[in-house]
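In what follows, a single structure is set out as structure tokens and then discussed.
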Amino acid sequence: MILTSVLVLLGIGFSAAAILAMASRLLYVYEDPRIAEVESVLAGANCGGCGFPGCAAAAQGVVSGRAGATVCVIGGDEVAANVAAIMGLSFSSMEKQIAFVDCTGGIRAEEIYDYAGVSDCRAQDLLYGGNKMCPEGCLGHGTCVTACQFGAIEMGPHGYPVVDPALCTACGACAQVCPRGVITIWGMTARLAHLNEITDCLAPCRQRCPGQINIPRYIEQTSRGDFAGALETIRERIPMPLTIGRVCPYPCESACRRTHVDAPVGINMVKRYVADWEMNSGQHLPIPCAPETGRRVAVVGGGPAGLSCAFFLRRLGHSPTIFESMPKLGGQLRYGIPEYRLPKAVLDWEIEGILGLGIDVVHGKTFGTDFDLESLKAEGFEAVFLGIGAWMNMTLRIEGEDAKGVETGTEFLTKVGLNMDPGVGRKVVVIGGGNTAIDTARTSVRLGAEVTLMYRRTKGEMPANIEEIIGAEEEGVKYLFLAAPTRIVSDESGHVTHVEYIRMELGEPDESGRRSPVPVEGSAALIEADTVYTAIGQKPELSCLYDEEGNCQLKQTRWRTLDAHPVTLQTALPHVFTGGDMHTGPGIVITALGEGRKAARSIHQYLTDGAPHYSAKVQRDLIPYTMFTHVPDVGYRKRSTVPHLIGCDERVCTFKEIEGALSSEEAKHEACRCLRCGLTCYNRDLPARECSEEGCVSRS
Amino acid sequence: MDYFTLVIAAIFVNNIVLAQYLGNCPFIGTSKESGVAIGMGLAVVFVATMAAAITWCVQRFLLVPLDLAYLQTITFILVIASLVQFVEMFLKKVVPPLYKSLGIFLPLITTNCAVLGIAIICQREEYTLLETIVFSIASGAGFLLALVVLASIRERLDLARVPTCLRGTPLALIMAGLMSLAFFAFKGMAS
């Protein structure tokens, strides 16, 4: 019996073995041994972040060429290197991607729906397609927290998700379950190259900012005391927060919803604070760059647009070289803005940080004279950015304009910037109403002159910053409004002695919406002057684009600026891009910085994809339905004021910086005044909010 | 035997998981998502049917004539394990899409006691070959039904606010118990 049992079992066993052995020969399917090898070095988490259903499928994908060595989002560089070794591929460090939360909704979502007792974003989304008050905002139910296998997301104090970058593996599970698209998986390159779109959660301030800075994000980071994070957010859009914190006329603040309650949030003050915080620490924070591509790009002009373009090109992995005709970089920032507004030491420190990324600079070379587009191409530059600014001055077109002692404001400021003797007299008349005119007037005051500023419209219509206008008045600059020069009177030696002018009155509004000044007959008068500075506008010097035969391959606009695509900034020559004052005409610094980034983005796409491209949903104008005229349920909170570093009496004899920065507490207070606006909603004061270690928290 | 009664009994009254308590490991382990549950359920239907038919032949033509019925369990395990290996090779060669869709579940069935249980029940009840096949398909379908229902409940529970200590397997076991009680309502409809 036992023998029979053993024999039967052995028989069945051998029969099965024989059948399987034969079957394995007959039914043999070749399988690449590398699949098993690759699978053995993957992380084995089966998280799905790679886009394949499990690690086995990912391994097959790698071997079949459908995925690269960096397929495993969890494994990081070590796993990628191992996979590359098995597959015989070259491997370079990959750029880390993480979940990026770009919405500060949450407690603003007023109508929270439960679906049969289940508090879930998806149920709400299925029923109503999103919250009615916040169409793009987070619903705050935390489905993403449940979806994350790695504990990298938690719901923050305001009911919106907060990602821990150290734990995030970019597996994409959170982005997949988010019904409002609040979370996306982004790497640095994608964030740098993104243009604001109308489907983004864009607070009004962010819509208005020419630099497209994510203002609500850095204000929120500042309120939490995360100053390094705030700087990183700012530097995703502009490379010069120190400069912008000092010279920006902050158009963002005019769009701030807080204006309807008391006064706008001091957005620029907060930016200035975090930028100064870095400088005061004495060390430049590390700025991440994508792996080197070895592609060379020539950046012509070392002003704000050129510096911005070079900065972003470097961060995108390319190798830019800046060509600058002046002795130092900075353009109008250095030679047009006086020391008391933007100290040269601050500018130098900021530029040092930008060049520290690995940007080459060639000084003393003038475009059109020492080199041109052809020579740059011959030197191996694959693309060119032209950002030579607008240095050519408009003329008054009046009699006697060529008299001695008549000069342009920019020439005067450049001489002062270069520490040359500007030859300023004792009685100065400045003609114009913009920031250059004010800078010229205030600089002349500091050099001991009596200054009169002549402007053909009223004070309220001056394009200069209001703080600058008031500051100049405090320093003793006299204003002569509603007056236009008609003739420059000079003595026998040809030197200016007087300016003849005529009084003006405001007529009907012109195309720009401003009322045009009209001369008042018989009101001519004389004003004494030994120096006259004109600051009535500038335009780019485009003669450098013409060759010896007088031909130019690039086109110009009717405003005598370089013509380019409004979004991609690509010119008529595919490898040539432009930006800044050369493209827009004289503008504010942040516009030039923003254009520098847009051009860098386009050059990056031109080098990698063959042509620049952009979404049809790019935000260009203010989104109408996000503009309110009334903001209820928000209480008064005092706006911080910028301290003055030196008294008014001392100001007129020194070029020391006038404006200071907020203190840490004041910066946090100002950040907490932010209403945390999204597309259509904002945070009400119910319950009131106050500052704490964690930032602005609700108080019940 | 009335085949209709046999099918109803196998699926609802004597459900292999909820009434016989067999195959609890894959029942809990593969019921987190409906898609996975359907894949596993179909794989069990396929293998259980083939295994029951072959083991019926082994029992009838080998073990019974040699009076070795006490070797039933060990023999059946050997046969089922070999069969799963063979089926895996066969599908990989002949029907690669089906092989890929079954994926990891096919080798998992080797250790699935529901398959062994179905084969042994067929012998205990002394079914004919045809009855064995019908019963196996129906029992597999019962397993599939239980798996899909539990997976649907668990997907829903993932979204609910559940005390942390009950999340995951503990709550799945409670749900399985409640489903089992619910299936007791079918008791008496068929033997």
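Chain lettering (A, B, ...) mirrors the order of the structure tokens, residue numbering begins at 1 for each chain separately, and ligand numbering begins at 1 in order of display.
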
(message) What's around Ala263 (chain A) at 12 Å? Count only C-alpha atoms, leave out sequence neighbours fewer than 2 positions away in its own chain, and write the answer as a list in words.
(response) Glu253, Ser254, Ala255, Cys256, Arg257, Arg258, Thr259, His260, Val261, Val265, Gly266, Ile267, Gly635, Tyr636, Arg637, Lys638, Arg639, Ser640, Thr641, Glu670, Arg673 and Cys674 of chain A

Requested write-out: N, CA, C and O atoms of the selected residues, as a short mmCIF file (atom, residue, chain, number, x, y, z; two decimals), in the first residue's frame:
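File result_20.cif, as written:
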data_model
loop_
_atom_site.label_atom_id
_atom_site.label_comp_id
_atom_site.auth_asym_id
_atom_site.auth_seq_id
_atom_site.Cartn_x
_atom_site.Cartn_y
_atom_site.Cartn_z
N GLU A 253 0.09 96.75 -7.18
CA GLU A 253 -0.63 97.28 -6.01
C GLU A 253 -1.89 98.05 -6.43
O GLU A 253 -2.83 98.15 -5.66
N SER A 254 -1.88 98.58 -7.65
CA SER A 254 -3.08 99.29 -8.10
C SER A 254 -4.23 98.32 -8.35
O SER A 254 -5.39 98.72 -8.37
N ALA A 255 -3.92 97.03 -8.54
CA ALA A 255 -4.98 96.04 -8.78
C ALA A 255 -5.36 95.31 -7.51
O ALA A 255 -6.29 94.50 -7.51
N CYS A 256 -4.67 95.57 -6.41
CA CYS A 256 -4.90 94.82 -5.16
C CYS A 256 -6.32 95.05 -4.65
O CYS A 256 -6.79 96.19 -4.55
N ARG A 257 -7.00 93.95 -4.30
CA ARG A 257 -8.39 94.07 -3.83
C ARG A 257 -8.49 94.81 -2.50
O ARG A 257 -9.52 95.35 -2.16
N ARG A 258 -7.41 94.82 -1.76
CA ARG A 258 -7.41 95.48 -0.46
C ARG A 258 -7.63 96.99 -0.63
O ARG A 258 -8.03 97.68 0.31
N THR A 259 -7.39 97.50 -1.83
CA THR A 259 -7.62 98.92 -2.11
C THR A 259 -9.05 99.31 -1.78
O THR A 259 -9.33 100.44 -1.38
N HIS A 260 -9.99 98.36 -1.96
CA HIS A 260 -11.40 98.67 -1.71
C HIS A 260 -11.72 98.70 -0.21
O HIS A 260 -12.83 99.07 0.17
N VAL A 261 -10.78 98.26 0.63
CA VAL A 261 -11.01 98.25 2.08
C VAL A 261 -10.27 99.41 2.74
O VAL A 261 -10.87 100.26 3.38
N VAL A 265 -2.04 96.12 -0.30
CA VAL A 265 -0.95 95.43 0.40
C VAL A 265 0.38 95.98 -0.14
O VAL A 265 0.51 96.19 -1.35
N GLY A 266 1.33 96.21 0.73
CA GLY A 266 2.64 96.72 0.28
C GLY A 266 3.46 95.62 -0.35
O GLY A 266 4.44 95.14 0.22
N ILE A 267 3.04 95.22 -1.54
CA ILE A 267 3.64 94.06 -2.20
C ILE A 267 5.14 94.29 -2.42
O ILE A 267 5.97 93.42 -2.12
N GLY A 635 -11.97 93.78 7.59
CA GLY A 635 -11.75 94.91 8.50
C GLY A 635 -10.52 95.73 8.15
O GLY A 635 -9.64 95.26 7.42
N TYR A 636 -10.46 96.93 8.71
CA TYR A 636 -9.35 97.85 8.45
C TYR A 636 -8.07 97.33 9.12
O TYR A 636 -8.09 96.90 10.25
N ARG A 637 -6.99 97.34 8.40
CA ARG A 637 -5.68 97.02 8.98
C ARG A 637 -4.67 98.01 8.40
O ARG A 637 -4.58 98.16 7.19
N LYS A 638 -3.93 98.64 9.27
CA LYS A 638 -3.05 99.72 8.85
C LYS A 638 -1.94 99.21 7.94
O LYS A 638 -1.33 98.17 8.20
N ARG A 639 -1.68 99.97 6.88
CA ARG A 639 -0.60 99.60 5.97
C ARG A 639 0.73 100.08 6.55
O ARG A 639 0.82 101.17 7.13
N SER A 640 1.75 99.25 6.40
CA SER A 640 3.08 99.62 6.89
C SER A 640 3.63 100.75 6.02
O SER A 640 3.25 100.90 4.86
N THR A 641 4.52 101.54 6.62
CA THR A 641 5.17 102.60 5.82
C THR A 641 6.66 102.31 5.74
O THR A 641 7.26 101.80 6.69
N GLU A 670 2.52 93.03 6.97
CA GLU A 670 2.08 93.43 5.63
C GLU A 670 1.63 92.20 4.85
O GLU A 670 0.63 92.25 4.12
N ARG A 673 -1.81 91.15 5.68
CA ARG A 673 -2.90 91.98 5.16
C ARG A 673 -3.43 91.43 3.84
O ARG A 673 -4.51 91.82 3.40
N CYS A 674 -2.66 90.53 3.23
CA CYS A 674 -3.07 89.96 1.94
C CYS A 674 -4.36 89.18 2.10
O CYS A 674 -4.51 88.42 3.06
#

(request) Would you kindly report the residues of chain A within 12 Å of chain B, using only C-alpha atoms, as number ranges by chain? (result) A: 1-31, 53-54, 56-57, 114-123, 141-147, 177

Selected residues written out, N, CA and C atoms, as a short mmCIF file (atom, residue, chain, number, x, y, z; two decimals), in the first residue's frame:
data_model
loop_
_atom_site.label_atom_id
_atom_site.label_comp_id
_atom_site.auth_asym_id
_atom_site.auth_seq_id
_atom_site.Cartn_x
_atom_site.Cartn_y
_atom_site.Cartn_z
N MET A 1 0.83 -1.22 0.00
CA MET A 1 0.00 0.00 0.00
C MET A 1 0.86 1.27 0.00
N ILE A 2 1.85 1.25 0.90
CA ILE A 2 2.74 2.42 0.97
C ILE A 2 3.54 2.54 -0.32
N LEU A 3 4.00 1.41 -0.77
CA LEU A 3 4.79 1.40 -2.01
C LEU A 3 3.95 1.92 -3.18
N THR A 4 2.68 1.45 -3.22
CA THR A 4 1.78 1.92 -4.30
C THR A 4 1.60 3.44 -4.23
N SER A 5 1.39 3.90 -2.97
CA SER A 5 1.18 5.35 -2.80
C SER A 5 2.38 6.14 -3.29
N VAL A 6 3.56 5.69 -2.86
CA VAL A 6 4.79 6.39 -3.26
C VAL A 6 4.94 6.38 -4.77
N LEU A 7 4.70 5.20 -5.34
CA LEU A 7 4.85 5.07 -6.80
C LEU A 7 3.86 5.96 -7.54
N VAL A 8 2.62 6.01 -7.03
CA VAL A 8 1.60 6.85 -7.69
C VAL A 8 2.00 8.32 -7.62
N LEU A 9 2.42 8.75 -6.41
CA LEU A 9 2.80 10.16 -6.27
C LEU A 9 3.99 10.51 -7.14
N LEU A 10 5.00 9.59 -7.11
CA LEU A 10 6.17 9.83 -7.96
C LEU A 10 5.78 9.87 -9.43
N GLY A 11 4.86 8.94 -9.77
CA GLY A 11 4.40 8.88 -11.16
C GLY A 11 3.72 10.16 -11.59
N ILE A 12 2.81 10.64 -10.71
CA ILE A 12 2.11 11.90 -11.04
C ILE A 12 3.12 13.03 -11.14
N GLY A 13 4.06 13.04 -10.17
CA GLY A 13 5.07 14.10 -10.15
C GLY A 13 5.92 14.09 -11.40
N PHE A 14 6.40 12.91 -11.76
CA PHE A 14 7.23 12.81 -12.97
C PHE A 14 6.44 13.15 -14.23
N SER A 15 5.19 12.67 -14.25
CA SER A 15 4.36 12.97 -15.43
C SER A 15 4.18 14.48 -15.59
N ALA A 16 3.88 15.12 -14.44
CA ALA A 16 3.70 16.58 -14.49
C ALA A 16 4.98 17.26 -14.94
N ALA A 17 6.10 16.77 -14.36
CA ALA A 17 7.39 17.37 -14.72
C ALA A 17 7.68 17.18 -16.20
N ALA A 18 7.39 15.95 -16.70
CA ALA A 18 7.66 15.66 -18.12
C ALA A 18 6.80 16.53 -19.02
N ILE A 19 5.51 16.65 -18.64
CA ILE A 19 4.60 17.47 -19.46
C ILE A 19 5.07 18.92 -19.47
N LEU A 20 5.45 19.43 -18.28
CA LEU A 20 5.90 20.83 -18.20
C LEU A 20 7.21 21.03 -18.95
N ALA A 21 8.09 19.99 -18.89
CA ALA A 21 9.37 20.10 -19.61
C ALA A 21 9.13 20.18 -21.11
N MET A 22 8.24 19.31 -21.58
CA MET A 22 7.92 19.33 -23.02
C MET A 22 7.23 20.64 -23.39
N ALA A 23 6.30 21.05 -22.51
CA ALA A 23 5.57 22.29 -22.78
C ALA A 23 6.52 23.48 -22.82
N SER A 24 7.51 23.46 -21.92
CA SER A 24 8.43 24.61 -21.89
C SER A 24 9.26 24.69 -23.18
N ARG A 25 9.49 23.53 -23.81
CA ARG A 25 10.21 23.56 -25.09
C ARG A 25 9.28 24.01 -26.22
N LEU A 26 8.07 23.41 -26.19
CA LEU A 26 7.13 23.73 -27.28
C LEU A 26 6.58 25.16 -27.17
N LEU A 27 6.32 25.57 -25.92
CA LEU A 27 5.67 26.87 -25.71
C LEU A 27 6.66 27.95 -25.30
N TYR A 28 7.94 27.74 -25.63
CA TYR A 28 8.97 28.69 -25.21
C TYR A 28 8.77 30.06 -25.88
N VAL A 29 8.82 31.10 -25.07
CA VAL A 29 8.72 32.48 -25.58
C VAL A 29 9.97 33.22 -25.15
N TYR A 30 10.69 33.77 -26.13
CA TYR A 30 11.93 34.49 -25.79
C TYR A 30 11.61 35.76 -24.99
N GLU A 31 12.30 35.94 -23.93
CA GLU A 31 12.14 37.15 -23.12
C GLU A 31 13.51 37.75 -22.87
N PRO A 53 1.82 50.32 -15.61
CA PRO A 53 1.14 49.60 -14.54
C PRO A 53 2.09 48.68 -13.78
N GLY A 54 2.89 49.23 -12.93
CA GLY A 54 3.78 48.41 -12.12
C GLY A 54 5.20 48.41 -12.63
N ALA A 56 7.20 45.87 -13.29
CA ALA A 56 7.49 44.90 -14.36
C ALA A 56 7.21 45.54 -15.73
N ALA A 57 6.08 46.21 -15.80
CA ALA A 57 5.73 46.87 -17.06
C ALA A 57 6.71 48.00 -17.37
N ASP A 114 -21.24 67.49 0.70
CA ASP A 114 -21.00 66.11 1.09
C ASP A 114 -21.89 65.25 0.19
N TYR A 115 -21.32 64.19 -0.32
CA TYR A 115 -22.11 63.30 -1.16
C TYR A 115 -22.41 62.05 -0.36
N ALA A 116 -23.65 61.93 0.13
CA ALA A 116 -24.06 60.78 0.92
C ALA A 116 -23.06 60.51 2.05
N GLY A 117 -22.67 61.57 2.72
CA GLY A 117 -21.79 61.41 3.88
C GLY A 117 -20.32 61.35 3.54
N VAL A 118 -19.99 61.33 2.26
CA VAL A 118 -18.58 61.25 1.87
C VAL A 118 -18.09 62.65 1.54
N SER A 119 -17.14 63.15 2.33
CA SER A 119 -16.57 64.47 2.07
C SER A 119 -15.44 64.30 1.08
N ASP A 120 -15.72 64.49 -0.15
CA ASP A 120 -14.68 64.25 -1.14
C ASP A 120 -14.82 65.22 -2.29
N CYS A 121 -13.68 65.71 -2.75
CA CYS A 121 -13.70 66.67 -3.85
C CYS A 121 -14.39 66.09 -5.07
N ARG A 122 -14.17 64.78 -5.28
CA ARG A 122 -14.70 64.18 -6.51
C ARG A 122 -16.22 64.18 -6.51
N ALA A 123 -16.81 63.92 -5.32
CA ALA A 123 -18.27 63.91 -5.25
C ALA A 123 -18.81 65.29 -5.60
N HIS A 141 -10.93 69.27 0.67
CA HIS A 141 -11.37 68.04 1.34
C HIS A 141 -10.22 67.06 1.59
N GLY A 142 -9.12 67.28 0.95
CA GLY A 142 -7.96 66.43 1.23
C GLY A 142 -7.95 65.08 0.54
N THR A 143 -8.65 64.95 -0.58
CA THR A 143 -8.57 63.70 -1.33
C THR A 143 -7.13 63.41 -1.73
N CYS A 144 -6.39 64.47 -2.04
CA CYS A 144 -5.00 64.30 -2.45
C CYS A 144 -4.15 63.72 -1.31
N VAL A 145 -4.50 64.07 -0.08
CA VAL A 145 -3.75 63.55 1.07
C VAL A 145 -3.93 62.04 1.14
N THR A 146 -5.16 61.58 0.93
CA THR A 146 -5.45 60.15 0.95
C THR A 146 -4.73 59.46 -0.19
N ALA A 147 -4.67 60.13 -1.35
CA ALA A 147 -4.09 59.50 -2.54
C ALA A 147 -2.58 59.34 -2.43
N VAL A 177 -6.16 62.83 -8.77
CA VAL A 177 -7.45 62.88 -8.07
C VAL A 177 -7.96 64.29 -7.86
#

(request) Could you please determine the separation between CA of Ile109 (chain B) and CA of Ala48 (chain B) in Å, to one decimal place? (result) 9.0 Å

(message) Nearest residue to Glu33 (chain B) out of B:Gly140, B:Arg154, B:Ile77, B:Tyr127, using only C-alpha atoms?
(response)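 Of the candidates, the smallest distance to Glu33 (chain B) is held by B:Arg154.
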
(message) Show me, as a list in words, the residues that have an atom within 12 Å of region 375-378 of chain A when counting only C-alpha atoms, minus same-chain residues fewer than 3 positions from it.
(response)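 Everything that qualifies: Arg296, Val297, Ala298, Val299, Val300, Thr321, Ile322, Phe323, Phe367, Gly368, Thr369, Asp370, Phe371, Asp372, Phe381, Glu382, Ala383, Val384, Phe385, Leu386, His575 and Val576 of chain A.
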
(message) Need to verify the contact set: Cys648 (chain A), 10 Å, only C-alpha atoms, exclusion of same-chain residues closer than 5 positions in sequence. Can you return it as a PyMOL selection string?
(response) chain A and resi 471+474-476+653+658

Given the selection you just returned, output its residues as a file containing C-alpha atoms, formatted as a PDB file, in the first residue's frame.
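Output file again39.pdb follows:
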ATOM      1  CA  GLY A 471      10.337 113.383  -2.662  1.00  0.00           C
ATOM      2  CA  GLU A 474      10.531 117.923  -0.385  1.00  0.00           C
ATOM      3  CA  GLU A 475      14.094 118.330  -1.603  1.00  0.00           C
ATOM      4  CA  GLY A 476      13.376 121.742  -3.079  1.00  0.00           C
ATOM      5  CA  CYS A 653      23.691 116.960  -0.159  1.00  0.00           C
ATOM      6  CA  ILE A 658      16.779 107.249   0.966  1.00  0.00           C
TER       7      ILE A 658
END

(message) What's the separation between CA of Phe135 (chain B) and CA of Ile11 (chain B), in Å to one decimal place?
(response)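 Separating CA of Phe135 (chain B) from CA of Ile11 (chain B) is a distance of 9.0 Å.
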
(request) Work out how far apart CA of Leu173 (chain B) and CA of Lys187 (chain B) are and give it in Å to one decimal. (result) 21.5 Å

(message) Which residue is closest to Val496 (chain A)? Choose from A:Glu473, A:Glu401, A:Asn551, A:Ser516 and count only C-alpha atoms.
(response) A:Glu401

(request) List the neighbours of Ser34 (chain B) out to 9 Å using only C-alpha atoms; skip same-chain residues closer than 3 positions along the sequence, and give me the result as a list of chain:residue names. (result)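 Counting only C-alpha atoms, the residues come to B:Thr30, B:Ser31, B:Ala37, B:Ile38, B:Gly39, B:Leu147, B:Val148, B:Val149, B:Leu150, B:Ala151, B:Ser152, B:Glu155.
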
(request) Fewer than 4 positions away in the same chain doesn't count, so skip those; otherwise give me all residues within 10 Å of Val45 (chain B), counting only C-alpha atoms, as an NGL selection string. (result) :B and (40-41 or 49-50 or 115 or 136-144)

(message) Residues near Gly537 (chain A), anyone? I mean within 9 Å using only C-alpha atoms, not counting same-chain ones fewer than 5 positions away, as a ChimeraX atom specification.
(response) /A:392-395,432,434,436,586

For the residues selected in the previous step, produce a file with N, CA and C atoms as a short mmCIF file (atom, residue, chain, number, x, y, z; two decimals), in the first residue's frame.
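What ended up in again_26.cif:
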data_model
loop_
_atom_site.label_atom_id
_atom_site.label_comp_id
_atom_site.auth_asym_id
_atom_site.auth_seq_id
_atom_site.Cartn_x
_atom_site.Cartn_y
_atom_site.Cartn_z
N MET A 392 18.51 106.51 -27.16
CA MET A 392 18.49 107.70 -28.01
C MET A 392 17.38 108.65 -27.51
N ASN A 393 17.73 109.91 -27.31
CA ASN A 393 16.78 110.86 -26.74
C ASN A 393 15.94 111.55 -27.81
N MET A 394 14.71 111.81 -27.46
CA MET A 394 13.84 112.60 -28.33
C MET A 394 14.26 114.07 -28.20
N THR A 395 14.10 114.81 -29.28
CA THR A 395 14.49 116.23 -29.23
C THR A 395 13.25 117.10 -29.04
N GLY A 432 10.23 117.78 -18.75
CA GLY A 432 9.70 116.43 -18.82
C GLY A 432 8.97 116.08 -17.54
N GLY A 434 8.52 112.44 -16.54
CA GLY A 434 8.68 111.02 -16.21
C GLY A 434 9.72 110.80 -15.13
N THR A 436 12.75 109.75 -15.47
CA THR A 436 14.07 110.28 -15.84
C THR A 436 14.17 111.75 -15.49
N PRO A 586 10.63 102.91 -24.21
CA PRO A 586 10.96 103.11 -22.81
C PRO A 586 9.86 102.60 -21.89
#

(request) Determine the nearest neighbour of Gly356 (chain A) from the options A:Gln283, A:Gln605, A:Gln60, A:Ser444, counting only C-alpha atoms. (result)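 Closest candidate: A:Gln283.
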
(message) I need the residues of region 4-158 of chain B that end up classed as alpha helix (DSSP H) by DSSP on the backbone, written out as number ranges by chain.
(response) B: 4-8, 24-29, 34-58, 72-94, 96-102, 105-108, 113-124, 129-157

Generate a file of the selected residues that holds C-alpha atoms, formatted as a compact mmCIF listing (two decimals), in the first residue's frame.
# COMPACT_ATOMS: atom_id res chain seq x y z
CA PHE B 4 -30.00 25.64 -12.51
CA THR B 5 -30.24 24.79 -8.83
CA LEU B 6 -26.59 23.75 -8.88
CA VAL B 7 -25.56 27.14 -10.28
CA ILE B 8 -27.74 29.15 -7.86
CA ASN B 24 -9.90 34.57 2.04
CA CYS B 25 -6.33 35.68 1.23
CA PRO B 26 -7.00 36.74 -2.38
CA PHE B 27 -10.47 37.93 -1.31
CA ILE B 28 -8.98 40.53 1.03
CA GLY B 29 -5.75 41.06 -0.90
CA SER B 34 -12.77 46.82 -8.98
CA GLY B 35 -10.51 46.37 -12.00
CA VAL B 36 -8.11 44.13 -10.12
CA ALA B 37 -11.00 42.21 -8.56
CA ILE B 38 -12.51 41.43 -11.95
CA GLY B 39 -9.12 40.20 -13.27
CA MET B 40 -8.60 37.94 -10.31
CA GLY B 41 -12.17 36.63 -10.41
CA LEU B 42 -11.98 35.71 -14.09
CA ALA B 43 -8.63 34.00 -13.56
CA VAL B 44 -10.15 31.89 -10.75
CA VAL B 45 -13.13 30.91 -12.96
CA PHE B 46 -10.75 29.77 -15.70
CA VAL B 47 -8.30 27.82 -13.53
CA ALA B 48 -10.88 26.36 -11.15
CA THR B 49 -12.85 24.90 -14.06
CA MET B 50 -9.80 23.26 -15.63
CA ALA B 51 -8.46 22.07 -12.29
CA ALA B 52 -11.77 20.53 -11.23
CA ALA B 53 -12.10 18.69 -14.56
CA ILE B 54 -8.57 17.25 -14.44
CA THR B 55 -8.73 16.34 -10.75
CA TRP B 56 -12.09 14.63 -11.40
CA CYS B 57 -10.32 12.45 -13.97
CA VAL B 58 -7.39 11.77 -11.62
CA GLN B 72 -6.57 13.18 -2.63
CA THR B 73 -5.34 16.47 -1.10
CA ILE B 74 -1.67 16.09 -1.90
CA THR B 75 -2.40 14.80 -5.39
CA PHE B 76 -4.80 17.62 -6.15
CA ILE B 77 -2.29 20.25 -4.97
CA LEU B 78 0.34 18.72 -7.23
CA VAL B 79 -2.02 18.62 -10.17
CA ILE B 80 -3.31 22.20 -9.65
CA ALA B 81 0.22 23.63 -9.28
CA SER B 82 1.37 21.88 -12.45
CA LEU B 83 -1.77 22.92 -14.27
CA VAL B 84 -1.30 26.57 -13.38
CA GLN B 85 2.27 26.43 -14.62
CA PHE B 86 1.13 24.83 -17.86
CA VAL B 87 -1.72 27.27 -18.36
CA GLU B 88 0.67 30.15 -17.79
CA MET B 89 3.08 28.85 -20.44
CA PHE B 90 0.25 28.07 -22.84
CA LEU B 91 -1.37 31.47 -22.56
CA LYS B 92 1.96 33.25 -22.82
CA LYS B 93 2.66 31.50 -26.12
CA VAL B 94 -0.80 31.26 -27.66
CA PRO B 96 -0.39 36.79 -25.05
CA PRO B 97 -3.07 39.50 -24.54
CA LEU B 98 -5.00 37.27 -22.13
CA TYR B 99 -1.75 36.33 -20.39
CA LYS B 100 -0.87 39.99 -19.95
CA SER B 101 -4.31 40.89 -18.69
CA LEU B 102 -4.21 38.09 -16.10
CA PHE B 105 -3.04 36.71 -10.68
CA LEU B 106 -2.36 33.50 -12.59
CA PRO B 107 0.63 32.38 -10.47
CA LEU B 108 -1.19 33.58 -7.35
CA CYS B 113 -7.38 27.28 -1.53
CA ALA B 114 -10.68 28.16 -3.22
CA VAL B 115 -9.54 26.26 -6.32
CA LEU B 116 -8.51 23.23 -4.29
CA GLY B 117 -11.72 23.53 -2.32
CA ILE B 118 -13.88 23.47 -5.44
CA ALA B 119 -12.08 20.35 -6.69
CA ILE B 120 -12.54 18.55 -3.39
CA ILE B 121 -16.21 19.57 -3.01
CA CYS B 122 -16.92 18.11 -6.46
CA GLN B 123 -15.52 14.75 -5.28
CA ARG B 124 -17.33 14.88 -1.94
CA LEU B 129 -17.86 15.40 -15.02
CA LEU B 130 -20.46 17.76 -16.51
CA GLU B 131 -21.80 18.67 -13.09
CA THR B 132 -18.22 19.23 -11.93
CA ILE B 133 -17.59 21.66 -14.78
CA VAL B 134 -20.85 23.54 -14.23
CA PHE B 135 -20.28 23.69 -10.49
CA SER B 136 -16.69 24.95 -10.95
CA ILE B 137 -17.76 27.73 -13.30
CA ALA B 138 -20.56 28.75 -10.96
CA SER B 139 -18.32 28.63 -7.88
CA GLY B 140 -15.74 30.76 -9.70
CA ALA B 141 -18.52 33.17 -10.63
CA GLY B 142 -19.55 33.31 -6.95
CA PHE B 143 -15.96 34.16 -6.04
CA LEU B 144 -15.93 36.84 -8.75
CA LEU B 145 -19.22 38.29 -7.47
CA ALA B 146 -18.05 38.45 -3.85
CA LEU B 147 -14.73 40.00 -4.91
CA VAL B 148 -16.32 42.70 -7.08
CA VAL B 149 -18.91 43.63 -4.45
CA LEU B 150 -16.26 43.94 -1.73
CA ALA B 151 -13.98 45.92 -4.03
CA SER B 152 -16.81 48.36 -4.80
CA ILE B 153 -17.51 48.82 -1.10
CA ARG B 154 -13.83 49.33 -0.29
CA GLU B 155 -13.40 51.92 -3.04
CA ARG B 156 -16.28 53.83 -1.51
CA LEU B 157 -14.91 53.41 2.01
